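Below is one structure, written out as structure tokens; comments come after it.
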Amino acid sequence: MNKDYRMTKQRRIILETLKSVKTHPTAEELFEMLKRLIPRISLATVYRNLNILIEQGLISVIILKGMPRRFDGDLSSHYHIKCSNCGIIEDVHLDINNEQLTELKTVNDFTIHGYKIEFEGICSICLKQQ
Ligand SMILES: [Zn+2]
Ligand SMILES: [Zn+2]
């Protein structure tokens with residue numbers, strides 16, 4: 001899989017827009033932001049370019065149970081926390097020292113490539129409204 005995508009102007013704007021926010025938008029939310037910058041862009045174009053950017057390793061995708069895929073332009077190592085009430089996703093910059101997980105090489109006859117930690121809780125705004 002060595003597709004040589006040239007970075008189109010549209011894709012660069014999509015990438016820059018995603019990198020400029022910390023909200024981990026869905027494709028639809030990104031589409032709303034992009035319409036102001038590229039009036040003729042379509043949702044299908046946004047989806048297609050997001051998939052290419054994922055393939056190129058320039059963005060990451062957040063997949064949480066029961067939620068649409070969200071996109072993250074921040075490739076630095078960080079975790080996410082989701083509010084179980086309003087669904088907001090924020091970055092968590094924590095240095096979690098979990099040697100046991102890091103050193104695991106196999107489990108159930110699988111060779112492990114990595115693991116994911118996602119936090120869930122209730123955000124301060126939702127907490128105040130309760
Ligand atoms: Zn909340
Ligand atoms: Zn993030």
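Chains: A, B, ... in order of the structure tokens. Residues: from 1 per chain. Ligands: from 1, in order shown.
Considering only C-alpha atoms and all ligand atoms, every residue of the polymer chains approaching ligand 2 to 10 Å or closer is listed here: Val21, Lys22, Thr23, His24, Ser60, Val61, Ile62, Arg70, Phe71, Asp72, Gly73, Asp74, Leu75, Ser76, Ser77, His78, Tyr79, His80, Ile81, Ile89, Glu90, Asp91, Val92 and His93 of chain A.
Near ligand 1, at a distance of at most 7 Å and with only C-alpha atoms and all ligand atoms counted, sit the residues A:Cys83, A:Ser84, A:Asn85, A:Cys86, A:Gly87, A:Ile88, A:Ile122, A:Cys123, A:Ser124, A:Ile125, A:Cys126.
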Just write the chosen residues, N, CA and C atoms, as a PDB file, in the first residue's frame.
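Saved file part_5.pdb follows:
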ATOM      1  N   CYS A  83     -17.324  12.836  28.049  1.00  0.00           N
ATOM      2  CA  CYS A  83     -18.384  13.066  29.020  1.00  0.00           C
ATOM      3  C   CYS A  83     -19.551  12.150  28.666  1.00  0.00           C
ATOM      4  N   SER A  84     -19.958  11.333  29.622  1.00  0.00           N
ATOM      5  CA  SER A  84     -21.021  10.367  29.336  1.00  0.00           C
ATOM      6  C   SER A  84     -22.376  11.055  29.223  1.00  0.00           C
ATOM      7  N   ASN A  85     -22.448  12.325  29.586  1.00  0.00           N
ATOM      8  CA  ASN A  85     -23.713  13.054  29.479  1.00  0.00           C
ATOM      9  C   ASN A  85     -23.830  13.805  28.155  1.00  0.00           C
ATOM     10  N   CYS A  86     -22.873  14.686  27.851  1.00  0.00           N
ATOM     11  CA  CYS A  86     -23.003  15.517  26.641  1.00  0.00           C
ATOM     12  C   CYS A  86     -22.136  15.002  25.481  1.00  0.00           C
ATOM     13  N   GLY A  87     -21.244  14.068  25.743  1.00  0.00           N
ATOM     14  CA  GLY A  87     -20.471  13.463  24.666  1.00  0.00           C
ATOM     15  C   GLY A  87     -19.231  14.229  24.253  1.00  0.00           C
ATOM     16  N   ILE A  88     -18.937  15.334  24.928  1.00  0.00           N
ATOM     17  CA  ILE A  88     -17.739  16.111  24.593  1.00  0.00           C
ATOM     18  C   ILE A  88     -16.493  15.250  24.829  1.00  0.00           C
ATOM     19  N   ILE A 122     -17.850  12.653  33.791  1.00  0.00           N
ATOM     20  CA  ILE A 122     -18.829  13.715  33.587  1.00  0.00           C
ATOM     21  C   ILE A 122     -18.108  15.052  33.652  1.00  0.00           C
ATOM     22  N   CYS A 123     -18.361  15.909  32.658  1.00  0.00           N
ATOM     23  CA  CYS A 123     -17.614  17.169  32.581  1.00  0.00           C
ATOM     24  C   CYS A 123     -18.136  18.155  33.621  1.00  0.00           C
ATOM     25  N   SER A 124     -17.377  19.207  33.865  1.00  0.00           N
ATOM     26  CA  SER A 124     -17.733  20.146  34.942  1.00  0.00           C
ATOM     27  C   SER A 124     -19.031  20.888  34.637  1.00  0.00           C
ATOM     28  N   ILE A 125     -19.284  21.154  33.336  1.00  0.00           N
ATOM     29  CA  ILE A 125     -20.520  21.873  32.971  1.00  0.00           C
ATOM     30  C   ILE A 125     -21.750  20.999  33.266  1.00  0.00           C
ATOM     31  N   CYS A 126     -21.678  19.742  32.870  1.00  0.00           N
ATOM     32  CA  CYS A 126     -22.799  18.817  33.128  1.00  0.00           C
ATOM     33  C   CYS A 126     -22.991  18.597  34.624  1.00  0.00           C
TER      34      CYS A 126
END
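Atom CA of Leu50 of chain A to atom CA of Lys9 of chain A spans 13.6 Å [interatomic distance, one decimal].
With only C-alpha atoms as the atoms that count, the residue of A:Leu18, A:Leu30, A:Met67, A:Leu127 with the shortest distance to Leu43 of chain A is A:Leu30.
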Could you tell me, as a list in words, which residues of segment 9-123 of chain A DSSP assigns to strand (DSSP E) when given the backbone? Ser60, Val61, Ile62, Arg70, Phe71, Asp72, Tyr79, His80, Ile81, Lys82, Cys83, Ile89, Glu90, Asp91, Val92, Thr106, Val107, Phe110, Thr111, Glu118, Phe119, Glu120 and Gly121 of chain A
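Each of A:Lys128, A:Leu53, A:Ala27, A:Met33 was compared to Arg11 of chain A using only C-alpha atoms, and A:Leu53 turns out to be the nearest.
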